[in-house]
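In what follows, a single structure is set out as structure tokens and then discussed.
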Amino acid sequence: MATLQAVTGMNDLLPGDGQGARWQRLEAAFRETCGRYGFQEVRTPLCEYAELFQRSVGEATDIVEKEMYTFDDRGNRRLALRPEGTASAVRAAIEHSVLARETVVRWCYLGAMFRAERPAKGRYRQFHQVGAEVYGDDSPAVDAEVIDLASSFLQGIGITKFTVRVNSLGGAETRARYRDALIAHFAPHRDALSPDSQSRLERNPLRILDSKDPRDLPFKAGAPSIVDALTDEDRAHFERVKEFLSALGTPFVVDPSLVRGLDYYTRTVFEIVDTSGALGAQDALGGGGRYDQLFTELGASKPVPAFGFALGIERLLLAAPVTEEAKPFRVAVVAVAKPDEHATHAGVLGLARELRMRGVETVVDTRFGSMKSQMRRANDLAATVVLVIGSNELASGQVSMKLMATGEQRSVARASLLDELAQLQRAAAATGAP
RNA sequence: GUGGCCGUAGCUCAGCUGGUAGAGCAUCGGAUUGUGGCUCCGAUGGUCGCGGGUUCAAUCCCCGUCGGUCACCCCA
């Protein structure tokens with residue numbers, strides 16, 4: 001292609017296609033929901049030292065192994081566009097010692113993430129997530145409350161067909177023990193496993209449980225359950241989480257094969273999948289879990305328990321119903337004048353500015369073509385009211401006011417114009433603006 | 001990274017065994033010298049993704065390439 005295009009898998013969002021407005025409403029809804037749960041928004045850079053993700057997400061994960069956008073900056077430092085949000089937020093929390101001032105921190109974020117995968121429906125190289133994290137509280141009540149936050153946010157934006165799957169991976173010692181048990185189980189069948197799972201066997205045996213490859217299924221079925229490997233403390237924690245979720249009325253199912261793709265999870269993990277079929281093959285709306293070791297692994301001076309989740313905005317929008325936005329009350333000012341009658345044009349611009357200063361959305365077709373073309377433009381822009389200014393109006397101190405819905409038109413004194421418009425606006429709001 | 005399908009006007013698409021392109025919508029103008037939507041008339045708009053090959057001749061056939069899309073892997 002001779003003309004420049006957007007990078008593969010990275011998309012424009014144009015006004016007028018309706019998507020931009022949906023994004024804005026979704027983001028507003030997320031901030032609103034988070035606010036009600038006591039979360040504050042944090043913003044971190046799109047780019048970090050690659051090492052941050054290697055250490056947090058894990059060297060042996062798909063994200064780090066083959067999906068990260070990494071490059072060297074001018075100082076020959078290895079950077080990466082962030083593939084997810086948790087690592088950056090934790091880094092920022094450590095760097096700014098936020099837990100020295102507050103014992104518990106509740107953060108939320110929204111923004112672009114990058115993964116160099118082949119795009120498909122609901123999967124893009126630049127995609128966007130909303131997420132929330134709690135630092136400094138190891139109570140199972142946090143797990144339940146944050147899962148509930150995600151769940152009620154979905155319902156709030158009209159997504160009803162989804163399933164919350166939960167599992168517990170246990171703490172560090174459980175994971176180590178379970179890992180050994182898995183290796184012991186799968187190793188004898190090594191040659192029968194899928195090639196992917198063969199390599200997972202040494203590097204990350206938990207991920208074999210995630211496999212959908214038919215060759216792995218028979219061996220998965222007989223694999224030891226993580227539930228049996230949990231310590232008493234892990235088990236008690238998980239039981240509380242389930243209790244609290246039930247008490248909150250948040251539906252969930254326990255899925256012992258749920259392991260998630262990131263290394264930093266401990267104890268509770270969860271995933272939310274769409275069941276409406278709107279997402280195609282990528283049915284995960286998001287997921288998260290507890291990561292009690294991550295602060296320490298990233299160099300915090302003392303351990304900090306943490307819990308968080310992220311949801312994919314593009315996928316939420318695929319799953320959410322498309323709702324009509326209420327039409328705004330909008331005024332168009334039209335000039336009736338010959339092309340060189342600049343005084344009339346100036347009068348139109350002046351009136352428009354006056355209205356805007358009073359909070360009225362006002363548009364002007366500043367090409368000042370024929371009145372017909374200006375009227376057409378006003379109609380295209382869905383103006384509720386058109387104000388016409390020409391020599392007649394200028395001479396009499398009046399403005400011709402036309403209501404586009406009915407075609408009704410009357411002459412209004414400049415002095416009472418704002419009152420008239422305010423009255424119309426109230427009436428439009430009362431009837432729900434057709 | 002692997003595979004299927006698809007690239008013709010701004011958009012959605014048609015184009016018959018190869019004879020250098022058409023519709024609808026959109027845009028602009030006119031019918032209506034200061035009045036939108038509906039209708040009618042007209043106009044603008046295309047290196048047929050790009051490169052090569054076969055042919056007298058390629059939008060059409062072949063190869064390559066780029067892009068899109070869906071799926072696999074995995075994930076948001």
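Convention: chains lettered A, B, ... in structure tokens order; per-chain residue numbering from 1; ligands numbered from 1 as shown.
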If the cut-off is 8 Å, can you tell me the residues of chain A near chain B, counting only C-alpha atoms (C1' of nucleotides)? I'd like them as a PDB file with N, CA, C and O atoms, in the first residue's frame.
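Final output, saved to out-v8.pdb:
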```
ATOM      1  N   MET A   1       0.826  -1.212   0.000  1.00  0.00           N
ATOM      2  CA  MET A   1       0.000   0.000   0.000  1.00  0.00           C
ATOM      3  C   MET A   1       0.854   1.253   0.000  1.00  0.00           C
ATOM      4  O   MET A   1       1.740   1.397   0.822  1.00  0.00           O
ATOM      5  N   ASP A  62       3.314 -17.048  27.764  1.00  0.00           N
ATOM      6  CA  ASP A  62       3.188 -16.647  26.367  1.00  0.00           C
ATOM      7  C   ASP A  62       3.370 -15.145  26.202  1.00  0.00           C
ATOM      8  O   ASP A  62       3.959 -14.672  25.237  1.00  0.00           O
ATOM      9  N   ALA A 120      -7.676 -11.151  15.929  1.00  0.00           N
ATOM     10  CA  ALA A 120      -8.907 -11.869  15.616  1.00  0.00           C
ATOM     11  C   ALA A 120     -10.035 -11.096  16.267  1.00  0.00           C
ATOM     12  O   ALA A 120      -9.802 -10.041  16.859  1.00  0.00           O
ATOM     13  N   LYS A 121     -11.232 -11.628  16.159  1.00  0.00           N
ATOM     14  CA  LYS A 121     -12.352 -10.942  16.769  1.00  0.00           C
ATOM     15  C   LYS A 121     -12.125 -10.810  18.270  1.00  0.00           C
ATOM     16  O   LYS A 121     -11.860 -11.793  18.952  1.00  0.00           O
ATOM     17  N   ARG A 123      -9.676  -9.530  19.713  1.00  0.00           N
ATOM     18  CA  ARG A 123      -8.265  -9.565  20.102  1.00  0.00           C
ATOM     19  C   ARG A 123      -7.466  -8.662  19.189  1.00  0.00           C
ATOM     20  O   ARG A 123      -7.426  -8.879  17.982  1.00  0.00           O
ATOM     21  N   PHE A 127      -4.974  -3.097  22.690  1.00  0.00           N
ATOM     22  CA  PHE A 127      -6.321  -3.278  23.221  1.00  0.00           C
ATOM     23  C   PHE A 127      -6.401  -2.492  24.517  1.00  0.00           C
ATOM     24  O   PHE A 127      -5.432  -1.866  24.939  1.00  0.00           O
ATOM     25  N   HIS A 128      -7.565  -2.496  25.111  1.00  0.00           N
ATOM     26  CA  HIS A 128      -7.754  -1.626  26.262  1.00  0.00           C
ATOM     27  C   HIS A 128      -8.401  -2.380  27.401  1.00  0.00           C
ATOM     28  O   HIS A 128      -9.259  -3.230  27.186  1.00  0.00           O
ATOM     29  N   GLN A 129      -7.936  -2.036  28.580  1.00  0.00           N
ATOM     30  CA  GLN A 129      -8.470  -2.712  29.755  1.00  0.00           C
ATOM     31  C   GLN A 129      -8.918  -1.705  30.793  1.00  0.00           C
ATOM     32  O   GLN A 129      -8.388  -0.604  30.884  1.00  0.00           O
ATOM     33  N   GLY A 261      -3.007 -17.288  32.901  1.00  0.00           N
ATOM     34  CA  GLY A 261      -1.787 -17.307  32.117  1.00  0.00           C
ATOM     35  C   GLY A 261      -0.607 -16.557  32.701  1.00  0.00           C
ATOM     36  O   GLY A 261       0.452 -16.501  32.096  1.00  0.00           O
ATOM     37  N   ALA A 281     -14.579 -16.679  19.361  1.00  0.00           N
ATOM     38  CA  ALA A 281     -13.742 -17.648  20.061  1.00  0.00           C
ATOM     39  C   ALA A 281     -13.100 -17.072  21.315  1.00  0.00           C
ATOM     40  O   ALA A 281     -12.699 -17.811  22.199  1.00  0.00           O
ATOM     41  N   GLN A 282     -12.976 -15.747  21.359  1.00  0.00           N
ATOM     42  CA  GLN A 282     -12.358 -15.131  22.530  1.00  0.00           C
ATOM     43  C   GLN A 282     -13.448 -14.764  23.519  1.00  0.00           C
ATOM     44  O   GLN A 282     -13.960 -13.645  23.509  1.00  0.00           O
ATOM     45  N   ALA A 284     -13.357 -14.704  26.875  1.00  0.00           N
ATOM     46  CA  ALA A 284     -12.997 -14.200  28.194  1.00  0.00           C
ATOM     47  C   ALA A 284     -13.164 -12.682  28.240  1.00  0.00           C
ATOM     48  O   ALA A 284     -12.564 -11.961  27.456  1.00  0.00           O
ATOM     49  N   LEU A 285     -13.997 -12.215  29.142  1.00  0.00           N
ATOM     50  CA  LEU A 285     -14.165 -10.773  29.318  1.00  0.00           C
ATOM     51  C   LEU A 285     -13.036 -10.227  30.175  1.00  0.00           C
ATOM     52  O   LEU A 285     -12.669  -9.064  30.057  1.00  0.00           O
ATOM     53  N   GLY A 286     -12.503 -11.083  31.028  1.00  0.00           N
ATOM     54  CA  GLY A 286     -11.420 -10.617  31.879  1.00  0.00           C
ATOM     55  C   GLY A 286     -11.178 -11.603  32.990  1.00  0.00           C
ATOM     56  O   GLY A 286     -11.789 -12.671  33.046  1.00  0.00           O
ATOM     57  N   ALA A 310      -8.639  -7.386  35.644  1.00  0.00           N
ATOM     58  CA  ALA A 310      -8.755  -6.511  34.478  1.00  0.00           C
ATOM     59  C   ALA A 310      -9.811  -7.081  33.541  1.00  0.00           C
ATOM     60  O   ALA A 310     -10.015  -8.300  33.471  1.00  0.00           O
ATOM     61  N   LEU A 311     -10.483  -6.179  32.842  1.00  0.00           N
ATOM     62  CA  LEU A 311     -11.480  -6.570  31.843  1.00  0.00           C
ATOM     63  C   LEU A 311     -11.120  -5.894  30.529  1.00  0.00           C
ATOM     64  O   LEU A 311     -10.599  -4.782  30.528  1.00  0.00           O
ATOM     65  N   GLY A 312     -11.367  -6.559  29.414  1.00  0.00           N
ATOM     66  CA  GLY A 312     -11.048  -5.988  28.107  1.00  0.00           C
ATOM     67  C   GLY A 312     -12.186  -5.127  27.579  1.00  0.00           C
ATOM     68  O   GLY A 312     -13.302  -5.609  27.428  1.00  0.00           O
ATOM     69  N   ILE A 313     -11.874  -3.861  27.314  1.00  0.00           N
ATOM     70  CA  ILE A 313     -12.935  -2.934  26.894  1.00  0.00           C
ATOM     71  C   ILE A 313     -13.555  -3.370  25.565  1.00  0.00           C
ATOM     72  O   ILE A 313     -14.773  -3.377  25.408  1.00  0.00           O
ATOM     73  N   GLU A 314     -12.722  -3.748  24.597  1.00  0.00           N
ATOM     74  CA  GLU A 314     -13.268  -4.156  23.299  1.00  0.00           C
ATOM     75  C   GLU A 314     -14.248  -5.315  23.461  1.00  0.00           C
ATOM     76  O   GLU A 314     -15.283  -5.364  22.798  1.00  0.00           O
ATOM     77  N   ARG A 315     -13.895  -6.232  24.336  1.00  0.00           N
ATOM     78  CA  ARG A 315     -14.781  -7.384  24.537  1.00  0.00           C
ATOM     79  C   ARG A 315     -16.041  -7.000  25.293  1.00  0.00           C
ATOM     80  O   ARG A 315     -17.117  -7.527  25.024  1.00  0.00           O
ATOM     81  N   VAL A 336     -28.668  34.599   6.687  1.00  0.00           N
ATOM     82  CA  VAL A 336     -29.219  34.875   5.367  1.00  0.00           C
ATOM     83  C   VAL A 336     -28.504  36.108   4.852  1.00  0.00           C
ATOM     84  O   VAL A 336     -28.761  37.211   5.314  1.00  0.00           O
ATOM     85  N   MET A 371     -28.683  29.692   2.081  1.00  0.00           N
ATOM     86  CA  MET A 371     -29.465  29.381   3.271  1.00  0.00           C
ATOM     87  C   MET A 371     -29.918  27.925   3.232  1.00  0.00           C
ATOM     88  O   MET A 371     -29.940  27.236   4.243  1.00  0.00           O
ATOM     89  N   LYS A 372     -30.271  27.485   2.035  1.00  0.00           N
ATOM     90  CA  LYS A 372     -30.695  26.092   1.878  1.00  0.00           C
ATOM     91  C   LYS A 372     -29.613  25.131   2.372  1.00  0.00           C
ATOM     92  O   LYS A 372     -29.894  24.196   3.103  1.00  0.00           O
ATOM     93  N   MET A 375     -29.359  25.243   6.088  1.00  0.00           N
ATOM     94  CA  MET A 375     -30.480  24.524   6.719  1.00  0.00           C
ATOM     95  C   MET A 375     -30.250  23.012   6.648  1.00  0.00           C
ATOM     96  O   MET A 375     -30.508  22.275   7.597  1.00  0.00           O
ATOM     97  N   ARG A 376     -29.761  22.585   5.497  1.00  0.00           N
ATOM     98  CA  ARG A 376     -29.497  21.153   5.332  1.00  0.00           C
ATOM     99  C   ARG A 376     -28.453  20.679   6.335  1.00  0.00           C
ATOM    100  O   ARG A 376     -28.577  19.623   6.952  1.00  0.00           O
ATOM    101  N   ARG A 377     -27.439  21.498   6.469  1.00  0.00           N
ATOM    102  CA  ARG A 377     -26.368  21.190   7.409  1.00  0.00           C
ATOM    103  C   ARG A 377     -26.933  21.117   8.843  1.00  0.00           C
ATOM    104  O   ARG A 377     -26.587  20.215   9.604  1.00  0.00           O
ATOM    105  N   ALA A 378     -27.786  22.065   9.167  1.00  0.00           N
ATOM    106  CA  ALA A 378     -28.397  22.083  10.505  1.00  0.00           C
ATOM    107  C   ALA A 378     -29.187  20.794  10.725  1.00  0.00           C
ATOM    108  O   ALA A 378     -29.143  20.190  11.793  1.00  0.00           O
ATOM    109  N   ASN A 379     -29.880  20.365   9.699  1.00  0.00           N
ATOM    110  CA  ASN A 379     -30.652  19.135   9.793  1.00  0.00           C
ATOM    111  C   ASN A 379     -29.735  17.921   9.961  1.00  0.00           C
ATOM    112  O   ASN A 379     -29.979  17.044  10.779  1.00  0.00           O
ATOM    113  N   GLY A 390     -31.001  37.497   9.328  1.00  0.00           N
ATOM    114  CA  GLY A 390     -30.811  38.168   8.047  1.00  0.00           C
ATOM    115  C   GLY A 390     -31.079  39.641   8.224  1.00  0.00           C
ATOM    116  O   GLY A 390     -31.165  40.128   9.350  1.00  0.00           O
ATOM    117  N   MET A 404     -37.133  22.393  14.591  1.00  0.00           N
ATOM    118  CA  MET A 404     -36.938  21.465  13.462  1.00  0.00           C
ATOM    119  C   MET A 404     -37.902  20.276  13.473  1.00  0.00           C
ATOM    120  O   MET A 404     -38.252  19.748  12.430  1.00  0.00           O
TER     121      MET A 404
END
```
For Leu154 in chain A, please output as a list in words all residues within 9 Å (counting only C-alpha atoms (C1' of nucleotides); exclusion window: fewer than 5 positions along the same chain).
Leu149, Ile159, Thr160, Phe162, Leu316 and Ala320 of chain A
Please produce a file of those selected residues containing C-alpha atoms, as a JSON list (two decimals), in the first residue's frame.
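What follows is the written file part_19.json:
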```json
[["chain", "number", "residue", "atom", "x", "y", "z"],
["A", 149, "LEU", "CA", -17.13, -5.17, 41.84],
["A", 159, "ILE", "CA", -23.99, -7.49, 30.32],
["A", 160, "THR", "CA", -25.98, -10.29, 31.91],
["A", 162, "PHE", "CA", -21.55, -14.28, 31.82],
["A", 316, "LEU", "CA", -17.10, -5.64, 26.95],
["A", 320, "ALA", "CA", -22.83, -5.11, 25.92]]
```
Using only C-alpha atoms (C1' of nucleotides), which protein or nucleic acid residues come within 12 Å of range 192-201 of chain A? Drop anything in the same chain fewer than 4 positions from it, and give the result as a short mmCIF file (atom, residue, chain, number, x, y, z; two decimals) with C-alpha atoms (C1' of nucleotides), in the first residue's frame.
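Okay, around_30.cif is ready:
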```
data_model
loop_
_atom_site.label_atom_id
_atom_site.label_comp_id
_atom_site.auth_asym_id
_atom_site.auth_seq_id
_atom_site.Cartn_x
_atom_site.Cartn_y
_atom_site.Cartn_z
CA ALA A 60 7.79 -18.79 30.76
CA THR A 61 4.44 -17.21 29.89
CA ASP A 62 3.19 -16.65 26.37
CA ARG A 179 3.97 -28.49 40.52
CA ASP A 180 5.93 -31.52 41.58
CA ALA A 181 2.78 -33.60 41.73
CA LEU A 182 1.83 -32.55 38.22
CA ILE A 183 5.23 -33.35 36.83
CA ALA A 184 5.06 -36.75 38.49
CA HIS A 185 1.67 -37.31 36.91
CA PHE A 186 2.41 -36.13 33.36
CA ALA A 187 6.03 -37.18 32.94
CA PRO A 188 5.28 -40.87 32.25
CA PRO A 205 3.27 -27.65 34.27
CA LEU A 206 0.22 -25.80 35.59
CA ARG A 207 -0.47 -24.59 32.10
CA ILE A 208 -1.06 -28.10 30.86
CA LEU A 209 -4.33 -27.96 32.75
CA ASP A 210 -5.29 -25.03 30.54
CA SER A 211 -4.76 -27.00 27.34
CA LYS A 212 -7.65 -27.74 25.04
CA ASP A 213 -5.59 -30.05 22.86
CA PRO A 214 -7.37 -33.41 22.52
CA ARG A 215 -4.08 -35.23 23.02
CA ASP A 216 -3.80 -33.75 26.51
CA LEU A 217 -7.36 -34.30 27.61
CA PRO A 218 -7.10 -37.95 28.70
CA PHE A 219 -4.17 -37.16 30.97
CA LYS A 220 -5.72 -33.97 32.27
"C1'" C B 73 -2.27 -21.41 19.99
"C1'" C B 74 -3.16 -18.28 23.92
#
```
Within 12 Å of A21 in chain B, counting only C-alpha atoms (C1' of nucleotides), which residues show up once you throw out same-chain ones fewer than 3 positions away? Write them as an MDAnalysis selection string, please.
chainID B and resid 8:9 14:15 46 48 59:60
Kindly export the residues of the current selection with C-alpha atoms (C1' of nucleotides), as an mmCIF file, in the first residue's frame.
```
data_model
loop_
_atom_site.group_PDB
_atom_site.id
_atom_site.type_symbol
_atom_site.label_atom_id
_atom_site.label_comp_id
_atom_site.auth_asym_id
_atom_site.auth_seq_id
_atom_site.Cartn_x
_atom_site.Cartn_y
_atom_site.Cartn_z
ATOM 1 C "C1'" U B 8 -13.715 -3.116 -7.316
ATOM 2 C "C1'" A B 9 -16.168 4.683 -5.851
ATOM 3 C "C1'" A B 14 -22.552 -6.238 -8.704
ATOM 4 C "C1'" G B 15 -19.356 -7.158 -12.863
ATOM 5 C "C1'" G B 46 -12.196 4.417 -9.435
ATOM 6 C "C1'" C B 48 -10.422 -2.740 -9.809
ATOM 7 C "C1'" U B 59 -10.983 -6.510 -12.328
ATOM 8 C "C1'" C B 60 -11.456 -11.712 -14.144
#
```
Using only C-alpha atoms (C1' of nucleotides), which protein or nucleic acid residues come within 12 Å of Gln24 in chain A? Drop anything in the same chain fewer than 3 positions from it, and give the result as an mmCIF file with all heavy atoms, in the first residue's frame.
```cif
data_model
loop_
_atom_site.group_PDB
_atom_site.id
_atom_site.type_symbol
_atom_site.label_atom_id
_atom_site.label_comp_id
_atom_site.auth_asym_id
_atom_site.auth_seq_id
_atom_site.Cartn_x
_atom_site.Cartn_y
_atom_site.Cartn_z
ATOM 1 N N LEU A 13 -10.726 5.057 16.273
ATOM 2 C CA LEU A 13 -12.095 5.159 16.769
ATOM 3 C C LEU A 13 -12.595 6.510 16.279
ATOM 4 O O LEU A 13 -12.160 7.536 16.769
ATOM 5 C CB LEU A 13 -12.052 5.129 18.296
ATOM 6 C CG LEU A 13 -13.145 4.454 19.058
ATOM 7 C CD1 LEU A 13 -13.391 3.048 18.535
ATOM 8 C CD2 LEU A 13 -12.786 4.412 20.520
ATOM 9 N N PRO A 15 -15.290 9.574 15.489
ATOM 10 C CA PRO A 15 -16.589 10.096 15.907
ATOM 11 C C PRO A 15 -17.586 9.853 14.781
ATOM 12 O O PRO A 15 -17.225 9.890 13.612
ATOM 13 C CB PRO A 15 -16.331 11.592 16.112
ATOM 14 C CG PRO A 15 -15.092 11.891 15.348
ATOM 15 C CD PRO A 15 -14.291 10.628 15.288
ATOM 16 N N GLY A 18 -20.416 5.872 16.242
ATOM 17 C CA GLY A 18 -21.134 5.432 17.426
ATOM 18 C C GLY A 18 -20.262 4.736 18.454
ATOM 19 O O GLY A 18 -20.636 4.619 19.615
ATOM 20 N N GLN A 19 -19.083 4.282 18.048
ATOM 21 C CA GLN A 19 -18.237 3.532 18.971
ATOM 22 C C GLN A 19 -17.604 4.435 20.020
ATOM 23 O O GLN A 19 -17.504 4.073 21.185
ATOM 24 C CB GLN A 19 -17.154 2.774 18.198
ATOM 25 C CG GLN A 19 -17.703 1.582 17.435
ATOM 26 C CD GLN A 19 -18.400 0.574 18.327
ATOM 27 O OE1 GLN A 19 -17.855 0.122 19.324
ATOM 28 N NE2 GLN A 19 -19.632 0.242 17.976
ATOM 29 N N GLY A 20 -17.171 5.614 19.569
ATOM 30 C CA GLY A 20 -16.514 6.527 20.504
ATOM 31 C C GLY A 20 -17.403 6.846 21.691
ATOM 32 O O GLY A 20 -16.960 6.841 22.843
ATOM 33 N N ALA A 21 -18.674 7.083 21.409
ATOM 34 C CA ALA A 21 -19.611 7.407 22.484
ATOM 35 C C ALA A 21 -19.778 6.218 23.421
ATOM 36 O O ALA A 21 -19.867 6.375 24.638
ATOM 37 C CB ALA A 21 -20.959 7.813 21.893
ATOM 38 N N GLU A 27 -16.339 3.849 29.974
ATOM 39 C CA GLU A 27 -15.292 4.329 30.874
ATOM 40 C C GLU A 27 -15.890 5.112 32.032
ATOM 41 O O GLU A 27 -15.459 4.981 33.179
ATOM 42 C CB GLU A 27 -14.280 5.175 30.092
ATOM 43 C CG GLU A 27 -13.458 4.338 29.132
ATOM 44 C CD GLU A 27 -12.497 5.151 28.275
ATOM 45 O OE1 GLU A 27 -12.595 6.404 28.296
ATOM 46 O OE2 GLU A 27 -11.682 4.546 27.585
ATOM 47 N N ALA A 28 -16.900 5.920 31.719
ATOM 48 C CA ALA A 28 -17.557 6.681 32.779
ATOM 49 C C ALA A 28 -18.217 5.737 33.773
ATOM 50 O O ALA A 28 -18.144 5.937 34.993
ATOM 51 C CB ALA A 28 -18.590 7.631 32.175
ATOM 52 N N ALA A 29 -18.844 4.681 33.249
ATOM 53 C CA ALA A 29 -19.519 3.728 34.127
ATOM 54 C C ALA A 29 -18.504 3.021 35.023
ATOM 55 O O ALA A 29 -18.762 2.768 36.206
ATOM 56 C CB ALA A 29 -20.296 2.702 33.300
ATOM 57 N N PHE A 30 -17.336 2.698 34.461
ATOM 58 C CA PHE A 30 -16.327 2.011 35.268
ATOM 59 C C PHE A 30 -15.809 2.923 36.383
ATOM 60 O O PHE A 30 -15.686 2.510 37.534
ATOM 61 C CB PHE A 30 -15.165 1.539 34.397
ATOM 62 C CG PHE A 30 -14.151 0.742 35.162
ATOM 63 C CD1 PHE A 30 -14.447 -0.529 35.597
ATOM 64 C CD2 PHE A 30 -12.904 1.281 35.464
ATOM 65 C CE1 PHE A 30 -13.526 -1.269 36.332
ATOM 66 C CE2 PHE A 30 -11.974 0.546 36.186
ATOM 67 C CZ PHE A 30 -12.282 -0.726 36.621
ATOM 68 N N ARG A 31 -15.507 4.175 36.037
ATOM 69 C CA ARG A 31 -15.029 5.110 37.063
ATOM 70 C C ARG A 31 -16.089 5.281 38.153
ATOM 71 O O ARG A 31 -15.788 5.351 39.337
ATOM 72 C CB ARG A 31 -14.709 6.468 36.436
ATOM 73 C CG ARG A 31 -13.462 6.452 35.563
ATOM 74 C CD ARG A 31 -13.030 7.878 35.215
ATOM 75 N NE ARG A 31 -11.741 7.878 34.558
ATOM 76 C CZ ARG A 31 -11.585 7.991 33.239
ATOM 77 N NH1 ARG A 31 -12.649 8.112 32.452
ATOM 78 N NH2 ARG A 31 -10.386 7.976 32.707
ATOM 79 N N LEU A 110 -7.582 2.563 33.694
ATOM 80 C CA LEU A 110 -8.084 2.194 32.383
ATOM 81 C C LEU A 110 -7.101 2.679 31.343
ATOM 82 O O LEU A 110 -6.546 3.754 31.480
ATOM 83 C CB LEU A 110 -9.500 2.721 32.084
ATOM 84 C CG LEU A 110 -10.125 4.003 32.622
ATOM 85 C CD1 LEU A 110 -11.510 4.143 32.039
ATOM 86 C CD2 LEU A 110 -10.212 4.007 34.122
ATOM 87 N N ILE A 313 -11.874 -3.861 27.314
ATOM 88 C CA ILE A 313 -12.935 -2.934 26.894
ATOM 89 C C ILE A 313 -13.555 -3.370 25.565
ATOM 90 O O ILE A 313 -14.773 -3.377 25.408
ATOM 91 C CB ILE A 313 -12.381 -1.494 26.778
ATOM 92 C CG1 ILE A 313 -11.990 -0.982 28.165
ATOM 93 C CG2 ILE A 313 -13.421 -0.565 26.149
ATOM 94 C CD1 ILE A 313 -11.476 0.453 28.175
ATOM 95 N N LEU A 317 -17.511 -4.248 25.021
ATOM 96 C CA LEU A 317 -18.384 -3.565 24.064
ATOM 97 C C LEU A 317 -19.026 -4.549 23.088
ATOM 98 O O LEU A 317 -20.115 -4.296 22.580
ATOM 99 C CB LEU A 317 -17.611 -2.480 23.310
ATOM 100 C CG LEU A 317 -17.257 -1.269 24.179
ATOM 101 C CD1 LEU A 317 -16.355 -0.303 23.423
ATOM 102 C CD2 LEU A 317 -18.511 -0.552 24.646
ATOM 103 N N GLU A 325 -28.167 6.768 22.288
ATOM 104 C CA GLU A 325 -27.855 7.872 23.167
ATOM 105 C C GLU A 325 -28.915 8.959 22.985
ATOM 106 O O GLU A 325 -29.369 9.208 21.865
ATOM 107 C CB GLU A 325 -26.482 8.444 22.820
ATOM 108 C CG GLU A 325 -25.929 9.334 23.905
ATOM 109 C CD GLU A 325 -24.468 9.683 23.639
ATOM 110 O OE1 GLU A 325 -24.051 9.558 22.478
ATOM 111 O OE2 GLU A 325 -23.783 10.068 24.565
#
```
Return as a VMD selection string the full set of residues in range 124-331 of chain A whose backbone-based DSSP assignment is helix (DSSP H, G or I).
chain A and resid 140 to 156 172 to 192 195 to 203 205 to 210 217 to 221 226 to 229 232 to 248 294 to 297 313 to 319
Just the strand (DSSP E) stuff from range 153-276 of chain A, please, per backbone DSSP, written as a ChimeraX atom specification.
/A:162-168,253-254,266-274
